[in-house]
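A.B. asks: So that you have it, the file is run.cif, and it contains mmCIF, C-alpha atoms:
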data_data
#
loop_
_atom_site.label_atom_id
_atom_site.label_comp_id
_atom_site.auth_asym_id
_atom_site.auth_seq_id
_atom_site.Cartn_x
_atom_site.Cartn_y
_atom_site.Cartn_z
CA MET A 872 119.48 12.45 98.97
CA LEU A 873 122.09 14.70 97.40
CA GLU A 874 120.20 17.78 98.60
CA ALA A 875 120.29 16.50 102.17
CA ILE A 876 124.06 16.03 101.98
CA PHE A 877 124.56 19.59 100.65
CA ALA A 878 122.25 20.95 103.35
CA LYS A 879 124.33 19.22 106.02
CA ILE A 880 127.57 20.52 104.50
CA LEU A 881 126.19 24.07 104.34
CA GLY A 882 124.99 23.70 107.93
CA VAL A 883 128.52 22.82 109.01
CA VAL A 884 129.97 25.77 107.08
CA LYS A 885 127.79 28.11 109.14
CA TYR A 886 129.80 27.28 112.25
CA SER A 887 132.24 29.87 113.45
CA THR A 888 135.38 30.37 111.42
CA LYS A 889 137.32 30.32 114.68
CA LEU A 890 136.32 26.68 115.18
CA PHE A 891 137.61 25.73 111.73
CA VAL A 892 140.86 27.62 112.27
CA ILE A 893 141.41 25.84 115.59
CA VAL A 894 140.71 22.44 113.97
CA ALA A 895 143.09 23.31 111.10
CA ILE A 896 145.86 24.33 113.49
CA ILE A 897 145.50 21.30 115.76
CA SER A 898 145.19 18.79 112.92
CA GLY A 899 148.08 20.52 111.10
CA ILE A 900 150.29 20.19 114.18
CA VAL A 901 149.37 16.54 114.55
CA LEU A 902 149.99 15.85 110.85
CA PHE A 903 153.20 17.81 110.36
CA ALA A 904 154.90 17.72 113.75
CA PRO A 905 158.02 15.57 114.10
CA PRO A 906 157.31 12.07 115.44
CA ALA A 907 159.30 12.84 118.60
CA PHE A 908 156.85 15.65 119.43
CA ILE A 909 153.83 13.39 118.93
CA ASN A 910 155.54 10.65 120.97
CA GLN A 911 155.96 13.03 123.95
CA PHE A 912 152.20 13.16 124.28
CA GLY A 913 151.75 9.44 123.71
CA LEU A 914 149.68 9.98 120.58
CA ASN A 915 151.66 7.80 118.14
CA GLN A 916 149.08 5.00 118.00
CA LEU A 917 146.13 7.43 117.89
CA VAL A 918 147.68 9.37 114.99
CA ALA A 919 148.56 6.15 113.16
CA ASP A 920 145.00 4.80 113.51
CA TYR A 921 143.18 8.01 112.56
CA ILE A 922 145.55 9.69 110.07
CA PRO A 923 142.97 9.67 107.21
CA TYR A 924 140.39 11.41 109.43
CA ILE A 925 142.92 13.89 110.78
CA GLY A 926 144.08 14.67 107.23
CA GLY A 927 140.49 15.04 106.02
CA SER A 928 139.60 17.36 108.88
CA PHE A 929 142.75 19.38 108.15
CA ILE A 930 141.85 19.82 104.48
CA ILE A 931 138.17 20.58 105.12
CA SER A 932 138.87 23.05 107.93
CA CYS A 933 141.54 24.81 105.85
CA VAL A 934 139.21 25.08 102.86
CA VAL A 935 136.31 26.39 104.96
CA SER A 936 138.60 28.86 106.75
CA ILE A 937 139.98 30.15 103.44
CA VAL A 938 136.51 30.42 101.90
CA ASN A 939 135.28 32.34 104.94
CA LEU A 940 138.33 34.62 104.82
CA VAL A 941 137.81 35.33 101.13
CA GLY A 942 134.12 36.02 101.78
CA PHE A 943 134.99 38.36 104.65
CA LEU A 944 137.57 40.22 102.56
CA PHE A 945 135.13 40.45 99.63
CA GLU A 946 132.47 42.01 101.89
CA LYS A 947 134.99 44.49 103.31
CA VAL A 948 136.17 45.54 99.85
CA LYS A 949 132.59 45.74 98.56
CA THR A 950 131.55 47.90 101.53
CA LYS A 951 134.58 50.16 101.03
CA ILE A 952 133.76 50.61 97.34
CA GLN A 953 130.10 51.35 98.11
CA ASN A 954 131.05 53.86 100.82
CA THR A 955 133.47 55.57 98.44
CA LYS A 956 130.77 55.83 95.75
CA VAL A 957 128.24 57.23 98.24
CA MET A 958 130.76 59.77 99.56
CA LYS A 959 131.62 60.84 96.00
CA LEU A 960 127.90 61.26 95.26
CA ARG A 961 127.48 63.40 98.39
CA GLN A 962 130.52 65.51 97.54
CA ASN A 963 129.23 66.00 94.01
CA ARG A 964 125.93 67.13 95.50
CA LEU A 965 127.80 69.85 97.40
CA HIS A 966 129.06 71.11 94.02
CA SER A 967 125.50 71.64 92.78
CA LEU A 968 123.91 73.46 95.72
CA ASN A 969 121.21 76.01 95.03
CA ASN A 970 121.29 79.35 96.84
CA ARG A 971 118.79 78.28 99.52
CA GLU A 972 120.92 75.24 100.35
CA LYS A 973 124.05 77.37 100.41
CA TRP A 974 122.32 79.79 102.78
CA ILE A 975 121.43 76.99 105.19
CA LEU A 976 124.96 75.60 105.16
CA LEU A 977 126.57 79.04 105.35
CA TYR A 978 124.76 79.64 108.64
CA TYR A 979 126.87 76.96 110.34
CA PHE A 980 130.08 78.74 109.37
CA GLU A 981 128.95 82.34 109.90
CA HIS A 982 127.66 81.58 113.40
CA GLU A 983 130.44 79.11 114.23
CA THR A 984 127.91 76.54 115.35
CA ASN A 985 127.13 72.96 114.60
CA THR A 986 123.38 73.29 115.14
CA GLN A 987 120.56 75.36 113.74
CA LEU A 988 116.79 75.22 113.89
CA LEU A 989 115.17 74.25 110.60
CA ALA A 990 111.65 73.32 109.60
CA ILE A 991 111.20 69.60 109.23
CA ASN A 992 108.68 70.10 106.43
CA ASP A 993 111.09 72.20 104.33
CA GLY A 994 111.98 70.37 101.13
CA THR A 995 115.44 71.91 101.03
CA VAL A 996 116.16 70.66 104.54
CA SER A 997 114.89 67.20 103.58
CA GLU A 998 117.13 67.20 100.52
CA LEU A 999 120.23 68.08 102.56
CA ALA A 1000 119.30 65.51 105.20
CA GLY A 1001 118.71 62.88 102.51
CA TYR A 1002 122.28 63.30 101.31
CA LYS A 1003 123.48 63.17 104.94
CA ILE A 1004 124.91 66.67 104.63
CA ILE A 1005 122.90 67.66 107.69
CA GLN A 1006 121.09 65.47 110.17
CA ARG A 1007 118.38 66.01 112.71
CA ALA A 1008 120.10 66.27 116.09
CA THR A 1009 117.08 65.57 118.25
CA ASN A 1010 113.56 64.24 118.02
CA LEU A 1011 112.26 67.06 120.23
CA SER A 1012 110.73 70.00 118.43
CA GLN A 1013 111.88 73.51 119.24
CA GLY A 1014 108.48 75.02 118.55
CA GLY A 1015 106.12 73.40 116.11
CA LEU A 1016 107.90 72.11 113.05
CA PHE A 1017 111.37 73.40 113.95
CA PHE A 1018 114.03 70.89 114.91
CA SER A 1019 117.74 71.15 115.59
CA TYR A 1020 119.87 70.05 112.65
CA ASN A 1021 123.62 69.42 112.78
CA LEU A 1022 126.11 69.73 109.97
CA ASN A 1023 127.74 66.34 109.51
CA PRO A 1024 131.51 66.28 110.18
CA TRP A 1025 132.43 65.04 106.70
CA ALA A 1026 130.41 67.88 105.12
CA ARG A 1027 131.95 70.48 107.44
CA GLN A 1028 135.45 69.30 106.56
CA TYR A 1029 134.73 69.19 102.83
CA LEU A 1030 133.11 72.63 102.85
CA MET A 1031 135.98 74.09 104.91
CA GLU A 1032 138.34 72.89 102.19
CA ASN A 1033 136.00 74.20 99.46
CA LEU A 1034 134.42 77.38 100.86
CA HIS A 1035 133.86 78.64 97.31
CA LEU A 1036 130.95 76.17 97.10
CA LEU A 1037 128.99 78.38 99.53
CA GLN A 1038 129.35 81.65 97.61
CA ILE A 1039 126.04 83.39 96.93
CA PRO A 1040 125.71 86.41 94.60
CA ASP A 1041 125.45 89.65 96.64
CA GLU A 1042 121.94 90.66 95.55
CA GLU A 1043 120.52 87.22 96.33
CA ALA A 1044 122.37 87.10 99.66
CA THR A 1045 120.80 90.44 100.65
CA GLU A 1046 117.33 89.13 99.78
CA MET A 1047 117.95 85.95 101.77
CA ARG A 1048 119.13 87.95 104.79
CA ARG A 1049 115.89 89.95 104.72
CA ALA A 1050 113.83 86.78 104.53
CA SER A 1051 115.84 85.25 107.37
CA GLN A 1052 115.36 88.34 109.56
CA LEU A 1053 111.63 88.27 108.87
CA ARG A 1054 111.49 84.60 109.79
CA ASN A 1055 113.35 85.29 113.06
CA ARG A 1056 110.90 88.09 113.96
CA LEU A 1057 107.96 85.74 113.44
CA TRP A 1058 109.29 83.41 116.09
#
Rewrite the structure of this file - the entire thing - as structure tokens.

C.D. replies:
Amino acid sequence: MLEAIFAKILGVVKYSTKLFVIVAIISGIVLFAPPAFINQFGLNQLVADYIPYIGGSFIISCVVSIVNLVGFLFEKVKTKIQNTKVMKLRQNRLHSLNNREKWILLYYFEHETNTQLLAINDGTVSELAGYKIIQRATNLSQGGLFFSYNLNPWARQYLMENLHLLQIPDEEATEMRRASQLRNRLW
């Protein structure tokens, strides 16, 4: 019996918050408006007869509206906190790039492009894509396993402000250039 009552109450709460706000406003006007205002519409007798129901609907609709507002605000704040944590995690990841990752990201800046072809089966590419530093731009292959990958705007901005994160020691950079040239010749 009690469960059925709670189920009905929860079913009512699922209605749109707009409906409860409208009911709260209308019942609030009827309850708190001066008698002359109510008299203009000829509602004196109606209000007098149904004042307990109007008052109850006012209280219930206000409570439901406030609960829904608090729930909405809680979700917004929770989402904002989660997004901030995720962004901090991604930015921290940019501070611990290995040389191969730096080389991939450096390409975007050296060639002033937002896209480069990378192998989909490359673990380094998957790692960068997993942290949403880069993302696959298309589902169409550019020759076998090579797909276009874009540098995400947040990563570009952060790296532009922290270019030191992409510094590679000279001897390793030379070796990576040779490997990159060899790869390009194989295409």

A.B. asks: Out of A:Ile900, A:Ala990, A:Leu1022, A:Val892, which residue has the shortest atom-to-atom distance to Lys1003 in chain A when counting all atoms listed in the file?

C.D. replies: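 Once distances to Lys1003 in chain A are computed over all atoms listed in the file, the minimum belongs to A:Leu1022.
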
A.B. asks: Carefully work through the PyMOL selection byres ((chain A and resi 946-958) around 12) for this structure and note down the residues it includes, as JSON, numbers by chain.

C.D. replies: {"A": [939, 940, 941, 942, 943, 944, 945, 959, 960, 961, 962, 963, 964, 965, 1001, 1002, 1003, 1004, 1025, 1026, 1029]}

A.B. asks: Which residue, A:Val935, A:Ile930, A:Leu1030, A:Leu968, has the smallest gap to Leu890 in chain A when you use only C-alpha atoms?

C.D. replies: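 Among A:Val935, A:Ile930, A:Leu1030, A:Leu968, it is A:Val935 that comes nearest to Leu890 in chain A.
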
A.B. asks: Evaluate the PyMOL selection byres ((chain A and resi 989) around 9) against this structure - the residues, as an MDAnalysis selection string, please.

C.D. replies: chainID A and resid 975 987:988 990:993 996 1016:1020

A.B. asks: Report as an MDAnalysis selection string the residues that result from applying the PyMOL selection byres ((chain A and resi 978-984) around 10) to the structure here.

C.D. replies: chainID A and resid 973:977 985:987 1021:1022 1027 1030:1031 1034 1037

A.B. asks: Grab the CA of Asp920 in chain A to CA of Pro906 in chain A distance for me, in Å with one decimal place.

C.D. replies: 14.4 Å

A.B. asks: Quick one: range 952-963 of chain A with all heavy atoms, as a PDB file, keeping the file's coordinate frame?

C.D. replies:
ATOM      1  N   ILE A 952     134.080  50.051  98.655  1.00  0.00           N
ATOM      2  CA  ILE A 952     133.760  50.610  97.340  1.00  0.00           C
ATOM      3  C   ILE A 952     132.421  51.325  97.371  1.00  0.00           C
ATOM      4  O   ILE A 952     132.287  52.435  96.839  1.00  0.00           O
ATOM      5  CB  ILE A 952     133.786  49.494  96.260  1.00  0.00           C
ATOM      6  CG1 ILE A 952     135.216  49.018  96.033  1.00  0.00           C
ATOM      7  CG2 ILE A 952     133.158  49.978  94.952  1.00  0.00           C
ATOM      8  CD1 ILE A 952     135.336  47.772  95.177  1.00  0.00           C
ATOM      9  N   GLN A 953     131.417  50.712  98.011  1.00  0.00           N
ATOM     10  CA  GLN A 953     130.100  51.350  98.110  1.00  0.00           C
ATOM     11  C   GLN A 953     130.184  52.650  98.895  1.00  0.00           C
ATOM     12  O   GLN A 953     129.594  53.657  98.494  1.00  0.00           O
ATOM     13  CB  GLN A 953     129.095  50.401  98.766  1.00  0.00           C
ATOM     14  CG  GLN A 953     128.655  49.277  97.876  1.00  0.00           C
ATOM     15  CD  GLN A 953     127.772  48.270  98.596  1.00  0.00           C
ATOM     16  OE1 GLN A 953     127.799  48.142  99.810  1.00  0.00           O
ATOM     17  NE2 GLN A 953     126.979  47.538  97.830  1.00  0.00           N
ATOM     18  N   ASN A 954     130.903  52.649 100.012  1.00  0.00           N
ATOM     19  CA  ASN A 954     131.050  53.860 100.820  1.00  0.00           C
ATOM     20  C   ASN A 954     131.755  54.959 100.035  1.00  0.00           C
ATOM     21  O   ASN A 954     131.391  56.137 100.150  1.00  0.00           O
ATOM     22  CB  ASN A 954     131.781  53.567 102.121  1.00  0.00           C
ATOM     23  CG  ASN A 954     130.945  52.762 103.092  1.00  0.00           C
ATOM     24  OD1 ASN A 954     129.731  52.653 102.951  1.00  0.00           O
ATOM     25  ND2 ASN A 954     131.591  52.166 104.070  1.00  0.00           N
ATOM     26  N   THR A 955     132.751  54.593  99.257  1.00  0.00           N
ATOM     27  CA  THR A 955     133.470  55.570  98.440  1.00  0.00           C
ATOM     28  C   THR A 955     132.544  56.173  97.385  1.00  0.00           C
ATOM     29  O   THR A 955     132.557  57.387  97.166  1.00  0.00           O
ATOM     30  CB  THR A 955     134.690  54.906  97.768  1.00  0.00           C
ATOM     31  OG1 THR A 955     135.537  54.370  98.785  1.00  0.00           O
ATOM     32  CG2 THR A 955     135.469  55.895  96.935  1.00  0.00           C
ATOM     33  N   LYS A 956     131.722  55.332  96.751  1.00  0.00           N
ATOM     34  CA  LYS A 956     130.770  55.830  95.750  1.00  0.00           C
ATOM     35  C   LYS A 956     129.753  56.766  96.380  1.00  0.00           C
ATOM     36  O   LYS A 956     129.433  57.817  95.809  1.00  0.00           O
ATOM     37  CB  LYS A 956     130.047  54.654  95.074  1.00  0.00           C
ATOM     38  CG  LYS A 956     130.876  53.916  94.071  1.00  0.00           C
ATOM     39  CD  LYS A 956     130.078  52.799  93.427  1.00  0.00           C
ATOM     40  CE  LYS A 956     130.897  52.029  92.427  1.00  0.00           C
ATOM     41  NZ  LYS A 956     130.129  50.933  91.819  1.00  0.00           N
ATOM     42  N   VAL A 957     129.237  56.390  97.552  1.00  0.00           N
ATOM     43  CA  VAL A 957     128.240  57.230  98.240  1.00  0.00           C
ATOM     44  C   VAL A 957     128.876  58.560  98.633  1.00  0.00           C
ATOM     45  O   VAL A 957     128.265  59.626  98.466  1.00  0.00           O
ATOM     46  CB  VAL A 957     127.658  56.489  99.463  1.00  0.00           C
ATOM     47  CG1 VAL A 957     126.872  57.426 100.354  1.00  0.00           C
ATOM     48  CG2 VAL A 957     126.785  55.335  99.004  1.00  0.00           C
ATOM     49  N   MET A 958     130.095  58.531  99.150  1.00  0.00           N
ATOM     50  CA  MET A 958     130.760  59.770  99.560  1.00  0.00           C
ATOM     51  C   MET A 958     131.013  60.656  98.341  1.00  0.00           C
ATOM     52  O   MET A 958     130.845  61.873  98.415  1.00  0.00           O
ATOM     53  CB  MET A 958     132.069  59.466 100.289  1.00  0.00           C
ATOM     54  CG  MET A 958     132.731  60.696 100.854  1.00  0.00           C
ATOM     55  SD  MET A 958     131.688  61.683 101.962  1.00  0.00           S
ATOM     56  CE  MET A 958     131.537  60.598 103.353  1.00  0.00           C
ATOM     57  N   LYS A 959     131.397  60.067  97.230  1.00  0.00           N
ATOM     58  CA  LYS A 959     131.620  60.840  96.000  1.00  0.00           C
ATOM     59  C   LYS A 959     130.305  61.474  95.540  1.00  0.00           C
ATOM     60  O   LYS A 959     130.294  62.636  95.117  1.00  0.00           O
ATOM     61  CB  LYS A 959     132.206  59.921  94.918  1.00  0.00           C
ATOM     62  CG  LYS A 959     132.685  60.656  93.713  1.00  0.00           C
ATOM     63  CD  LYS A 959     133.906  61.475  94.042  1.00  0.00           C
ATOM     64  CE  LYS A 959     134.450  62.124  92.792  1.00  0.00           C
ATOM     65  NZ  LYS A 959     135.357  63.207  93.107  1.00  0.00           N
ATOM     66  N   LEU A 960     129.214  60.735  95.621  1.00  0.00           N
ATOM     67  CA  LEU A 960     127.900  61.260  95.260  1.00  0.00           C
ATOM     68  C   LEU A 960     127.532  62.445  96.151  1.00  0.00           C
ATOM     69  O   LEU A 960     127.052  63.479  95.668  1.00  0.00           O
ATOM     70  CB  LEU A 960     126.841  60.154  95.376  1.00  0.00           C
ATOM     71  CG  LEU A 960     125.404  60.548  95.100  1.00  0.00           C
ATOM     72  CD1 LEU A 960     125.208  60.811  93.614  1.00  0.00           C
ATOM     73  CD2 LEU A 960     124.459  59.457  95.578  1.00  0.00           C
ATOM     74  N   ARG A 961     127.781  62.317  97.453  1.00  0.00           N
ATOM     75  CA  ARG A 961     127.480  63.400  98.390  1.00  0.00           C
ATOM     76  C   ARG A 961     128.353  64.626  98.115  1.00  0.00           C
ATOM     77  O   ARG A 961     127.873  65.755  98.151  1.00  0.00           O
ATOM     78  CB  ARG A 961     127.691  62.922  99.829  1.00  0.00           C
ATOM     79  CG  ARG A 961     126.663  61.915 100.274  1.00  0.00           C
ATOM     80  CD  ARG A 961     126.977  61.377 101.639  1.00  0.00           C
ATOM     81  NE  ARG A 961     125.992  60.397 102.051  1.00  0.00           N
ATOM     82  CZ  ARG A 961     126.134  59.596 103.084  1.00  0.00           C
ATOM     83  NH1 ARG A 961     127.231  59.653 103.831  1.00  0.00           N
ATOM     84  NH2 ARG A 961     125.198  58.738 103.393  1.00  0.00           N
ATOM     85  N   GLN A 962     129.629  64.391  97.838  1.00  0.00           N
ATOM     86  CA  GLN A 962     130.520  65.510  97.540  1.00  0.00           C
ATOM     87  C   GLN A 962     130.108  66.193  96.238  1.00  0.00           C
ATOM     88  O   GLN A 962     130.135  67.429  96.147  1.00  0.00           O
ATOM     89  CB  GLN A 962     131.972  65.039  97.480  1.00  0.00           C
ATOM     90  CG  GLN A 962     132.529  64.667  98.833  1.00  0.00           C
ATOM     91  CD  GLN A 962     133.907  64.031  98.764  1.00  0.00           C
ATOM     92  OE1 GLN A 962     134.373  63.644  97.692  1.00  0.00           O
ATOM     93  NE2 GLN A 962     134.550  63.912  99.906  1.00  0.00           N
ATOM     94  N   ASN A 963     129.713  65.411  95.256  1.00  0.00           N
ATOM     95  CA  ASN A 963     129.230  66.000  94.010  1.00  0.00           C
ATOM     96  C   ASN A 963     127.973  66.826  94.246  1.00  0.00           C
ATOM     97  O   ASN A 963     127.771  67.857  93.605  1.00  0.00           O
ATOM     98  CB  ASN A 963     128.961  64.913  92.960  1.00  0.00           C
ATOM     99  CG  ASN A 963     130.231  64.341  92.378  1.00  0.00           C
ATOM    100  OD1 ASN A 963     131.292  64.940  92.470  1.00  0.00           O
ATOM    101  ND2 ASN A 963     130.127  63.166  91.798  1.00  0.00           N
TER     102      ASN A 963
END
